[in-house]
Every structure is written in structure tokens, then in C-alpha cells.
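Report on the structure given below.
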Amino acid sequence: MLGLIGKKMGMTRIFNDTGRVVGATVILVGDNVVEQIKTVENDGYSAVQLGFEEIDERKVRKPQLGHFKKLGTAPVRVLKEFETDCAEDADLKPGQTLGVEVFENVKFLNVTGISKGRGHAGTIKKYNFQRGRESHGNSNHRERGSSGAASYPARVMPGLKMSGHMGACQVTTRKLEVVGIDKEAGLVFVKGSVPGCKTGIVYLRKFIKK
């Protein structure tokens, strides 16, 4: 398998092989359930659909509930497809569980999640613009400044960096170091910036250098 679904639980610190303290983000993987096997013959591509966090039937929409009943698996909160990376994935069957052993001997991961929402932000916070002078007579302290348009083309060109909604979008952080794995608790300890808030859903993929 190339990846798993997890939940960001917070941060801790652990000691590495050299005895140094390393700050790490704790990600709960637990048991990922194989929901469906996608094949080239039936779907045009090969992949494995995984489910995370089993929930009650009444919390699932009827089309999804029919999907789970057809496969004979329990309803889950999160569904995600991952590409297969080895011949062993061909032996996977619906209902089978996968855990952190997928990332055994894996040094780096790509982590995808929804970043924290920051609301409506100005250009200084959003794009690290420089603020205006505080000297006498200057009234432009935190404003964006000129947008560059004059009588021609008499409009603001699209794509300019301006104030607006910040955060709450999908972010992928590449090549985060795996500093530890707890098989019994189903935890992965990752060094680096993991997107999202506590209890946020994240998707872990093996880092493959192309």
C-alpha cells in the first residue's frame, strides 16, 4: 500500500537513536479497513479504497449505506483511495484491516490535510507583505497599496495577491520524517509540519522520489 488514513492527535517529544529530543506530531492510524478493490478490468485503474473510523448506520447517507452493504463491510466516516505499489496488494480482500505496519522501514511520508481556517486575512498576514512607514504624514500602514492598473486597461488584473479568505484548504506537506511507530497503539510519529488541527483527518502517503 502507498498510504493510509489517520487522525492528527497532537504533539509529543521522543528520543532518537542519538539520544536527542525530537518534537513529533502524533498521528493515530489504528485500523484502516479495506472497503473495495479497484481493478483495471472493472474500473480502468488499480487502487484500494480504505475506510477509517467505523460509525453507526444512521449517520451514513443512503447511497453510501448501499455501497457498504453491497461490499459487506461496516459503515465508516472517511473513505479514500490509494494506489497499489506491490504484488502483495493484489491479495487484499474487502473487510481486511491494515495498520502502521504498512509504514515499516519507511523513512519519509507525504501528509495531506485541510489547513486551519484563518478567516478573512490581510495581505501582511496572508502573503507576508511589508507594512508601510510609521513616519509622520504616512497613512498607509497595513494597506496593500496600488494594484497597478491605470486608464488602460482600466481594470484590476486577475491573480493579484489581495486580502481575502485564508486557510481551510487542502495542503500537502512533502517528505516528513518518520521518527517512530507504535504498532500496539497504532500510532505514527512524524517530524515536521502536519497540516490541520487536532482530531483532523490526514492522508499519509509514502514519499517516492521521482
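Just remember, in the C-alpha cells the first chain shown is A, the second B, etc., residues are 1-based per chain, and ligands are 1-based in the order shown.
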
Would you kindly return, as a ChimeraX atom specification, each protein, DNA or RNA residue with an atom no farther than 9 Å from any atom of Thr12 (chain A), considering only C-alpha atoms and excluding same-chain residues fewer than 6 positions away?
-> /A:22-26,189

Deliver the residues from the most recent selection as a file, using N, CA and C atoms, as a CSV table (one decimal), in the first residue's frame.
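Output contents, as saved in result.csv:
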chain,number,residue,atom,x,y,z
A,22,VAL,N,13.4,15.0,20.0
A,22,VAL,CA,12.8,15.4,18.8
A,22,VAL,C,11.4,15.7,19.0
A,23,GLY,N,10.9,16.8,18.6
A,23,GLY,CA,9.5,17.1,18.6
A,23,GLY,C,8.8,16.4,17.5
A,24,ALA,N,7.6,15.7,17.8
A,24,ALA,CA,7.0,14.9,16.8
A,24,ALA,C,5.4,15.1,16.9
A,25,THR,N,4.8,15.0,15.7
A,25,THR,CA,3.3,15.0,15.7
A,25,THR,C,2.8,13.6,15.8
A,26,VAL,N,1.8,13.4,16.6
A,26,VAL,CA,1.3,12.0,16.8
A,26,VAL,C,0.1,11.9,15.9
A,189,PHE,N,4.7,8.6,14.5
A,189,PHE,CA,5.3,9.8,15.0
A,189,PHE,C,6.1,10.5,13.8

Find the residues around Asn105 (chain A) up to 12 Å (only C-alpha atoms counted), leave out those fewer than 6 positions away in its own chain, and share them as a PyMOL selection string.
-> chain A and resi 177-181+206

Selection above as a file: C-alpha atoms, as a compact mmCIF listing (two decimals), in the first residue's frame:
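Output contents, as saved in out12.txt:
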# COMPACT_ATOMS: atom_id res chain seq x y z
CA GLU A 177 10.48 12.24 8.54
CA VAL A 178 9.04 9.21 10.35
CA VAL A 179 10.73 9.21 13.76
CA GLY A 180 8.78 6.36 15.35
CA ILE A 181 5.97 3.80 15.07
CA LYS A 206 4.92 7.04 1.16

Shell of 7 Å around Leu187 (chain A), only C-alpha atoms, local chain residues under 4 positions omitted, as a PyMOL selection string = chain A and resi 26-30+100+181-183

Contacts of Gly113 (chain A) at 7 Å (only C-alpha atoms; same-chain gap of 4+ positions) as a ChimeraX atom specification = /A:170-172,195-196,201-203

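Across A:Gly44, A:Gly10, A:Gly51, A:Gly119, the tightest approach to Phe82 (chain A) is made by A:Gly51 when counting only C-alpha atoms.
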
Which neighbours of region 122-125 of chain A fall inside 8 Å, counting only C-alpha atoms, when residues of the same chain fewer than 5 positions from it are skipped, and could you give them as a CSV table (one decimal) with N, CA and C atoms, in the first residue's frame?
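Below is the file that was written, result06.csv:
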chain,number,residue,atom,x,y,z
A,130,GLN,N,5.2,43.7,3.3
A,130,GLN,CA,5.8,44.6,4.2
A,130,GLN,C,4.9,45.8,4.5
A,131,ARG,N,4.8,46.1,5.8
A,131,ARG,CA,3.9,47.2,6.2
A,131,ARG,C,4.5,48.6,5.8
A,142,ARG,N,-1.0,49.4,6.9
A,142,ARG,CA,-1.2,47.9,6.6
A,142,ARG,C,-2.0,47.7,5.3
A,143,GLU,N,-2.2,48.8,4.5
A,143,GLU,CA,-2.9,48.6,3.3
A,143,GLU,C,-2.0,47.9,2.2
A,144,ARG,N,-2.7,47.4,1.2
A,144,ARG,CA,-2.0,46.6,0.2
A,144,ARG,C,-1.2,47.6,-0.7
A,161,LYS,N,-2.2,39.3,-5.6
A,161,LYS,CA,-2.3,38.9,-4.2
A,161,LYS,C,-3.0,40.0,-3.4
A,162,MET,N,-4.2,39.7,-2.9
A,162,MET,CA,-5.0,40.6,-2.2
A,162,MET,C,-5.5,40.0,-0.9
A,163,SER,N,-6.1,40.8,-0.1
A,163,SER,CA,-6.7,40.3,1.2
A,163,SER,C,-7.9,39.4,0.8
A,164,GLY,N,-8.2,38.5,1.7
A,164,GLY,CA,-9.3,37.6,1.4
A,164,GLY,C,-9.3,36.3,2.4

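What separates CA of Met166 (chain A) from CA of Met9 (chain A) is a distance of 23.2 Å.
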
Could you give me the residues within region 6-209 of chain A that DSSP places in alpha helix (DSSP H), as JSON, numbers by chain?
-> {"A": [40, 41, 42, 43, 62, 63, 64, 65, 66, 67, 68, 69, 70, 71, 123, 124, 125, 126, 127]}

Which neighbours of region 95-97 of chain A fall inside 10 Å, counting only C-alpha atoms, when residues of the same chain fewer than 3 positions from it are skipped, and could you give them as an NGL selection string?
-> :A and (30-36 or 50-51 or 71-74 or 92)

Export, as a PDB file, in the first residue's frame, the selected residues with C-alpha atoms.
ATOM      1  CA  GLY A  30      -5.439   2.469  14.062  1.00  0.00           C
ATOM      2  CA  ASP A  31      -7.110   0.021  11.709  1.00  0.00           C
ATOM      3  CA  ASN A  32      -7.805   1.015   8.113  1.00  0.00           C
ATOM      4  CA  VAL A  33     -10.450  -1.285   6.640  1.00  0.00           C
ATOM      5  CA  VAL A  34     -10.255  -2.381   3.014  1.00  0.00           C
ATOM      6  CA  GLU A  35     -13.649  -1.409   1.590  1.00  0.00           C
ATOM      7  CA  GLN A  36     -13.231  -2.032  -2.135  1.00  0.00           C
ATOM      8  CA  LEU A  50      -9.799   2.286   2.530  1.00  0.00           C
ATOM      9  CA  GLY A  51     -12.204   3.247   5.305  1.00  0.00           C
ATOM     10  CA  LEU A  71     -19.417  -4.830  -0.176  1.00  0.00           C
ATOM     11  CA  GLY A  72     -20.440  -6.437   3.115  1.00  0.00           C
ATOM     12  CA  THR A  73     -18.394  -4.047   5.260  1.00  0.00           C
ATOM     13  CA  ALA A  74     -19.242  -1.807   8.204  1.00  0.00           C
ATOM     14  CA  LEU A  92      -6.162  -7.808  -0.302  1.00  0.00           C
TER      15      LEU A  92
END

Residue nearest Ala168 (chain A) among A:Glu134, A:Arg118, A:Val194, A:Arg205 (counting only C-alpha atoms) | A:Arg118

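The space separating CA of Lys175 (chain A) from CA of Lys126 (chain A) comes to 24.2 Å.
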
Residue contacts of Phe52 (chain A) (7 Å, only C-alpha atoms) excluding same-chain residues fewer than 5 positions away, as JSON, numbers by chain | {"A": [5, 32, 33, 76, 77, 78, 79]}

Using only C-alpha atoms, which of the listed residues (A:Thr173, A:Thr199, A:Ser139, A:Ser46) sits closest to Asn110 (chain A)?
-> A:Thr173

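Take the candidates A:Gly192, A:Pro94, A:Gly200, A:Pro75 and check each one against Phe108 (chain A) using only C-alpha atoms; the shortest distance goes to A:Gly192.
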
For Ala121 (chain A), the nearest of the candidates A:Lys7, A:Arg58, A:His165, A:Arg174, counting only C-alpha atoms | A:His165

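Compared by their closest atoms to Gln49 (chain A), and using only C-alpha atoms, the residues A:Gly186, A:Gly148, A:Gly3, A:Gly132 rank with A:Gly3 nearest.
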
Output as a count of residues only all residues of region 8-45 of chain A that backbone DSSP marks as strand (DSSP E).
-> 23
